[in-house]
file protein.txt (compact mmCIF, C-alpha atoms)
# COMPACT_ATOMS: atom_id res chain seq x y z
CA MET A 1 -219.99 -157.87 -21.33
CA PRO A 2 -218.16 -159.04 -18.18
CA SER A 3 -219.32 -158.14 -14.68
CA VAL A 4 -217.33 -155.50 -12.81
CA VAL A 5 -216.05 -155.79 -9.25
CA LYS A 6 -215.53 -152.82 -6.95
CA ILE A 7 -213.52 -153.31 -3.78
CA ASN A 8 -213.61 -150.42 -1.34
CA VAL A 9 -210.56 -150.70 0.93
CA LEU A 10 -211.42 -149.09 4.29
CA THR A 11 -208.74 -148.38 6.88
CA VAL A 12 -210.52 -148.86 10.21
CA PRO A 13 -208.90 -148.25 13.61
CA ALA A 14 -209.54 -151.09 16.09
CA GLU A 15 -211.85 -148.96 18.24
CA GLN A 16 -214.08 -148.24 15.21
CA ARG A 17 -214.50 -151.83 13.93
CA GLU A 18 -217.73 -152.54 15.80
CA ILE A 19 -219.22 -149.21 14.67
CA LEU A 20 -218.35 -149.92 11.03
CA GLU A 21 -219.90 -153.40 11.16
CA GLN A 22 -223.06 -152.07 12.85
CA ARG A 23 -223.44 -149.39 10.19
CA PHE A 24 -223.17 -151.96 7.39
CA ALA A 25 -225.66 -154.26 9.18
CA SER A 26 -228.17 -151.40 9.51
CA ARG A 27 -227.96 -150.53 5.79
CA ALA A 28 -229.67 -153.79 4.85
CA GLY A 29 -231.38 -153.58 1.47
CA MET A 30 -229.68 -150.36 0.35
CA VAL A 31 -227.61 -151.91 -2.44
CA GLU A 32 -229.50 -155.17 -2.91
CA ASN A 33 -232.40 -153.44 -4.67
CA SER A 34 -230.20 -151.62 -7.18
CA ASP A 35 -230.45 -152.48 -10.87
CA GLY A 36 -227.42 -154.47 -12.00
CA PHE A 37 -226.27 -155.38 -8.47
CA GLU A 38 -224.95 -158.96 -8.28
CA TRP A 39 -223.11 -159.51 -4.96
CA PHE A 40 -221.94 -157.87 -1.70
CA GLU A 41 -219.51 -158.96 1.02
CA LEU A 42 -217.99 -157.07 3.95
CA LEU A 43 -214.64 -158.71 4.73
CA ARG A 44 -213.15 -158.24 8.23
CA PRO A 45 -209.34 -158.41 8.50
CA VAL A 46 -208.05 -161.38 10.49
CA GLU A 47 -204.41 -160.44 10.96
CA GLY A 48 -201.68 -158.16 9.67
CA THR A 49 -203.87 -155.25 8.56
CA ASP A 50 -206.49 -152.77 9.74
CA GLN A 51 -208.20 -152.69 6.34
CA TYR A 52 -211.70 -153.99 5.71
CA LEU A 53 -212.70 -154.88 2.15
CA VAL A 54 -216.17 -154.03 0.86
CA TYR A 55 -216.69 -156.29 -2.16
CA THR A 56 -219.49 -155.57 -4.64
CA ARG A 57 -220.06 -157.06 -8.08
CA TRP A 58 -222.13 -155.34 -10.77
CA ARG A 59 -223.51 -156.28 -14.17
CA SER A 60 -221.77 -153.24 -15.70
CA GLU A 61 -219.79 -150.10 -14.88
CA GLN A 62 -222.90 -148.10 -15.82
CA ASP A 63 -224.98 -149.92 -13.18
CA PHE A 64 -222.33 -149.20 -10.54
CA GLN A 65 -222.16 -145.51 -11.53
CA ALA A 66 -225.98 -145.21 -11.43
CA TRP A 67 -225.96 -146.61 -7.87
CA MET A 68 -223.12 -144.25 -6.87
CA GLU A 69 -224.98 -141.19 -8.21
CA GLY A 70 -228.37 -142.23 -6.81
CA PRO A 71 -229.01 -144.43 -3.77
CA MET A 72 -225.42 -144.47 -2.43
CA LYS A 73 -225.02 -140.69 -2.66
CA ALA A 74 -228.38 -140.10 -0.95
CA ALA A 75 -227.53 -142.54 1.86
CA HIS A 76 -224.15 -140.95 2.54
CA GLN A 77 -225.68 -137.46 2.55
CA GLY A 78 -228.22 -138.51 5.16
CA GLY A 79 -231.10 -138.83 2.70
CA GLY A 80 -232.05 -142.21 4.10
CA GLN A 81 -232.32 -140.90 7.67
CA GLY A 82 -235.48 -138.84 7.46
CA GLY A 83 -234.32 -135.58 5.93
CA GLN A 84 -232.49 -132.49 7.12
CA GLY A 85 -233.46 -132.19 10.81
CA GLY A 86 -231.39 -135.09 12.10
CA GLY A 87 -228.47 -133.10 13.53
CA GLU A 88 -224.84 -133.73 12.68
CA ARG A 89 -223.79 -136.64 10.53
CA PRO A 90 -221.95 -139.37 12.43
CA LYS A 91 -218.16 -139.39 12.18
CA PRO A 92 -216.88 -141.88 9.57
CA ALA A 93 -215.70 -145.17 11.07
CA ALA A 94 -212.94 -145.48 8.46
CA SER A 95 -209.91 -143.19 8.47
CA ALA A 96 -209.17 -143.78 4.76
CA SER A 97 -210.87 -145.27 1.70
CA THR A 98 -209.61 -146.47 -1.69
CA VAL A 99 -211.68 -148.10 -4.46
CA TRP A 100 -210.19 -150.85 -6.63
CA SER A 101 -211.95 -151.73 -9.92
CA PHE A 102 -211.77 -155.05 -11.77
CA GLU A 103 -213.47 -156.86 -14.64
CA VAL A 104 -214.42 -160.51 -14.12
CA VAL A 105 -212.53 -162.52 -16.76
CA GLN A 106 -212.93 -165.99 -15.23
CA GLN A 107 -215.15 -167.44 -12.53
CA ALA A 108 -216.16 -170.83 -11.16
CA ALA A 109 -218.81 -172.17 -8.85
CA PRO A 110 -218.93 -175.52 -7.02
CA LYS A 111 -219.99 -178.40 -9.27
CA GLN A 112 -223.50 -179.63 -8.55
CA ALA A 113 -223.67 -183.32 -7.62
call {"tool": "encode", "arguments": {"input": "protein.txt", "output": "C-alpha cells"}}
result
Amino acid sequence: MPSVVKINVLTVPAEQREILEQRFASRAGMVENSDGFEWFELLRPVEGTDQYLVYTRWRSEQDFQAWMEGPMKAAHQGGGQGGQGGGERPKPAASASTVWSFEVVQQAAPKQA
C-alpha cells in the first residue's frame, strides 16, 4: 500500500507569517508521535504567493484520519492547552485553508556512497 501525502495550503497575510511559524514551532511533537506518521515540513513561500504549504506523509489514509479525529482535533479545540479555563482561542493566522491529497507512486533518495 503506498504512502499518502496531505498538503494543507494555508493563505497567510504577511502580518501573520511570524505568528503562524511560531505556532508550528510550539506544536513540537504533536504529529511526530502519531501512529503511521512518516514526514512533516512547513514550507514558507519565497515569492509570488502568500500561501504556506504544510506537507505531511502518512503510511495510510486510515492513519491520517485517526490523527485528524484524535490528536489534531484535540489540539485545535484547545485540548492541548490545559483544558477549558484558558479564555478565548487565538485567532487563526491563516485566512483560508485547502487540503490536497496524493498517493506516493514513485520516490527516490540520494544514493549512498
call {"tool": "closest_atom_pairs", "arguments": {"input": "protein.txt", "of": "stretch 2-44 of chain A", "to": "stretch 102-113 of chain A", "cutoff": "7 Å", "atoms": "all atoms listed in the file", "output": "Markdown table"}}
result
| residue | atom | partner | partner_atom | distance |
| --- | --- | --- | --- | --- |
| A:Pro2 | CA | A:Val104 | CA | 5.7 |
| A:Ser3 | CA | A:Val104 | CA | 5.5 |
| A:Val4 | CA | A:Glu103 | CA | 4.5 |
| A:Val5 | CA | A:Phe102 | CA | 5.0 |
| A:Lys6 | CA | A:Phe102 | CA | 6.5 |
call {"tool": "closest_atom_pairs", "arguments": {"input": "protein.txt", "of": "stretch 34-76 of chain A", "to": "stretch 14-27 of chain A", "cutoff": "9 Å", "atoms": "only C-alpha atoms", "output": "CSV"}}
result
residue,atom,partner,partner_atom,distance
A:Leu42,CA,A:Phe24,CA,8.0
A:Arg44,CA,A:Arg17,CA,8.7
A:Asp50,CA,A:Ala14,CA,7.2
A:Tyr52,CA,A:Arg17,CA,8.9
A:Ala75,CA,A:Arg27,CA,8.9
call {"tool": "atom_distance", "arguments": {"input": "protein.txt", "atom1": "atom CA of A:Leu53", "atom2": "atom CA of A:Gly36"}}
result
20.4 Å
call {"tool": "atom_distance", "arguments": {"input": "protein.txt", "atom1": "atom CA of A:Trp39", "atom2": "atom CA of A:Val12"}}
result
22.4 Å
call {"tool": "atom_distance", "arguments": {"input": "protein.txt", "atom1": "atom CA of A:Glu61", "atom2": "atom CA of A:Leu10"}}
result
20.9 Å
call {"tool": "closest_residue", "arguments": {"input": "protein.txt", "among": "A:Arg59, A:Trp100, A:Pro71, A:Val54", "to": "A:Val31", "atoms": "all atoms listed in the file"}}
result
A:Pro71
call {"tool": "closest_residue", "arguments": {"input": "protein.txt", "among": "A:Val46, A:Ala94, A:Pro13, A:Ile7", "to": "A:Phe64", "atoms": "all atoms listed in the file"}}
result
A:Ile7
call {"tool": "residues_around", "arguments": {"input": "protein.txt", "residues": "A:Asn33", "least_positions_apart": "4", "cutoff": "10 Å", "atoms": "all atoms listed in the file", "output": "PyMOL selection string"}}
result
chain A and resi 28-29+37-38+67+71
call {"tool": "write_last_selection", "arguments": {"input": "protein.txt", "atoms": "C-alpha atoms", "output": "PDB file, in the coordinates of the input"}}
result
ATOM      1  CA  ALA A  28    -229.670-153.790   4.850  1.00  0.00           C
ATOM      2  CA  GLY A  29    -231.380-153.580   1.470  1.00  0.00           C
ATOM      3  CA  PHE A  37    -226.270-155.380  -8.470  1.00  0.00           C
ATOM      4  CA  GLU A  38    -224.950-158.960  -8.280  1.00  0.00           C
ATOM      5  CA  TRP A  67    -225.960-146.610  -7.870  1.00  0.00           C
ATOM      6  CA  PRO A  71    -229.010-144.430  -3.770  1.00  0.00           C
TER       7      PRO A  71
END
call {"tool": "closest_residue", "arguments": {"input": "protein.txt", "among": "A:Pro90, A:Trp58, A:Ser95, A:Met72", "to": "A:Asp35", "atoms": "only C-alpha atoms"}}
result
A:Trp58
call {"tool": "build_atoms", "arguments": {"input": "protein.txt", "residues": "stretch 38-74 of chain A", "atoms": "N, CA and C atoms", "output": "tab-separated table (two decimals), in the frame of the given file"}}
result
chain	number	residue	atom	x	y	z
A	38	GLU	N	-225.07	-157.50	-8.25
A	38	GLU	CA	-224.95	-158.96	-8.28
A	38	GLU	C	-224.49	-159.57	-6.95
A	39	TRP	N	-223.64	-158.88	-6.17
A	39	TRP	CA	-223.11	-159.51	-4.96
A	39	TRP	C	-222.50	-158.46	-4.03
A	40	PHE	N	-222.55	-158.71	-2.72
A	40	PHE	CA	-221.94	-157.87	-1.70
A	40	PHE	C	-221.31	-158.74	-0.63
A	41	GLU	N	-220.13	-158.35	-0.16
A	41	GLU	CA	-219.51	-158.96	1.02
A	41	GLU	C	-218.72	-157.89	1.77
A	42	LEU	N	-218.84	-157.89	3.10
A	42	LEU	CA	-217.99	-157.07	3.95
A	42	LEU	C	-216.98	-158.03	4.57
A	43	LEU	N	-215.70	-157.80	4.29
A	43	LEU	CA	-214.64	-158.71	4.73
A	43	LEU	C	-213.84	-158.07	5.86
A	44	ARG	N	-213.88	-158.71	7.05
A	44	ARG	CA	-213.15	-158.24	8.23
A	44	ARG	C	-211.72	-158.78	8.20
A	45	PRO	N	-210.73	-157.92	8.48
A	45	PRO	CA	-209.34	-158.41	8.50
A	45	PRO	C	-209.13	-159.36	9.68
A	46	VAL	N	-208.34	-160.40	9.45
A	46	VAL	CA	-208.05	-161.38	10.49
A	46	VAL	C	-206.72	-161.07	11.17
A	47	GLU	N	-205.71	-160.75	10.36
A	47	GLU	CA	-204.41	-160.44	10.96
A	47	GLU	C	-203.57	-159.64	9.97
A	48	GLY	N	-202.67	-158.84	10.50
A	48	GLY	CA	-201.68	-158.16	9.67
A	48	GLY	C	-202.12	-156.88	9.00
A	49	THR	N	-203.40	-156.48	9.20
A	49	THR	CA	-203.87	-155.25	8.56
A	49	THR	C	-205.05	-154.69	9.33
A	50	ASP	N	-205.31	-153.41	9.16
A	50	ASP	CA	-206.49	-152.77	9.74
A	50	ASP	C	-207.46	-152.37	8.64
A	51	GLN	N	-207.37	-153.04	7.48
A	51	GLN	CA	-208.20	-152.69	6.34
A	51	GLN	C	-209.32	-153.71	6.11
A	52	TYR	N	-210.53	-153.21	6.11
A	52	TYR	CA	-211.70	-153.99	5.71
A	52	TYR	C	-211.82	-153.90	4.19
A	53	LEU	N	-212.40	-154.92	3.57
A	53	LEU	CA	-212.70	-154.88	2.15
A	53	LEU	C	-214.21	-154.96	1.97
A	54	VAL	N	-214.75	-154.02	1.20
A	54	VAL	CA	-216.17	-154.03	0.86
A	54	VAL	C	-216.24	-154.45	-0.60
A	55	TYR	N	-216.68	-155.69	-0.83
A	55	TYR	CA	-216.69	-156.29	-2.16
A	55	TYR	C	-218.10	-156.18	-2.74
A	56	THR	N	-218.22	-155.55	-3.91
A	56	THR	CA	-219.49	-155.57	-4.64
A	56	THR	C	-219.21	-155.95	-6.09
A	57	ARG	N	-220.16	-156.68	-6.67
A	57	ARG	CA	-220.06	-157.06	-8.08
A	57	ARG	C	-221.31	-156.55	-8.79
A	58	TRP	N	-221.08	-156.01	-10.00
A	58	TRP	CA	-222.13	-155.34	-10.77
A	58	TRP	C	-222.18	-155.88	-12.18
A	59	ARG	N	-223.34	-155.84	-12.79
A	59	ARG	CA	-223.51	-156.28	-14.17
A	59	ARG	C	-222.67	-155.44	-15.12
A	60	SER	N	-222.53	-154.12	-14.81
A	60	SER	CA	-221.77	-153.24	-15.70
A	60	SER	C	-221.26	-152.04	-14.90
A	61	GLU	N	-220.28	-151.35	-15.47
A	61	GLU	CA	-219.79	-150.10	-14.88
A	61	GLU	C	-220.92	-149.07	-14.81
A	62	GLN	N	-221.79	-149.05	-15.81
A	62	GLN	CA	-222.90	-148.10	-15.82
A	62	GLN	C	-223.85	-148.34	-14.65
A	63	ASP	N	-224.12	-149.61	-14.33
A	63	ASP	CA	-224.98	-149.92	-13.18
A	63	ASP	C	-224.34	-149.45	-11.88
A	64	PHE	N	-223.04	-149.66	-11.73
A	64	PHE	CA	-222.33	-149.20	-10.54
A	64	PHE	C	-222.41	-147.68	-10.43
A	65	GLN	N	-222.15	-146.97	-11.55
A	65	GLN	CA	-222.16	-145.51	-11.53
A	65	GLN	C	-223.56	-144.98	-11.21
A	66	ALA	N	-224.60	-145.64	-11.73
A	66	ALA	CA	-225.98	-145.21	-11.43
A	66	ALA	C	-226.26	-145.35	-9.94
A	67	TRP	N	-225.79	-146.42	-9.32
A	67	TRP	CA	-225.96	-146.61	-7.87
A	67	TRP	C	-225.17	-145.54	-7.11
A	68	MET	N	-223.94	-145.26	-7.54
A	68	MET	CA	-223.12	-144.25	-6.87
A	68	MET	C	-223.79	-142.88	-6.90
A	69	GLU	N	-224.38	-142.52	-8.05
A	69	GLU	CA	-224.98	-141.19	-8.21
A	69	GLU	C	-226.37	-141.09	-7.61
A	70	GLY	N	-227.01	-142.24	-7.35
A	70	GLY	CA	-228.37	-142.23	-6.81
A	70	GLY	C	-228.42	-142.68	-5.36
A	71	PRO	N	-228.78	-143.95	-5.14
A	71	PRO	CA	-229.01	-144.43	-3.77
A	71	PRO	C	-227.80	-144.28	-2.84
A	72	MET	N	-226.59	-144.56	-3.31
A	72	MET	CA	-225.42	-144.47	-2.43
A	72	MET	C	-225.17	-143.03	-2.02
A	73	LYS	N	-225.26	-142.11	-2.95
A	73	LYS	CA	-225.02	-140.69	-2.66
A	73	LYS	C	-226.05	-140.18	-1.65
A	74	ALA	N	-227.32	-140.54	-1.87
A	74	ALA	CA	-228.38	-140.10	-0.95
A	74	ALA	C	-228.15	-140.66	0.45
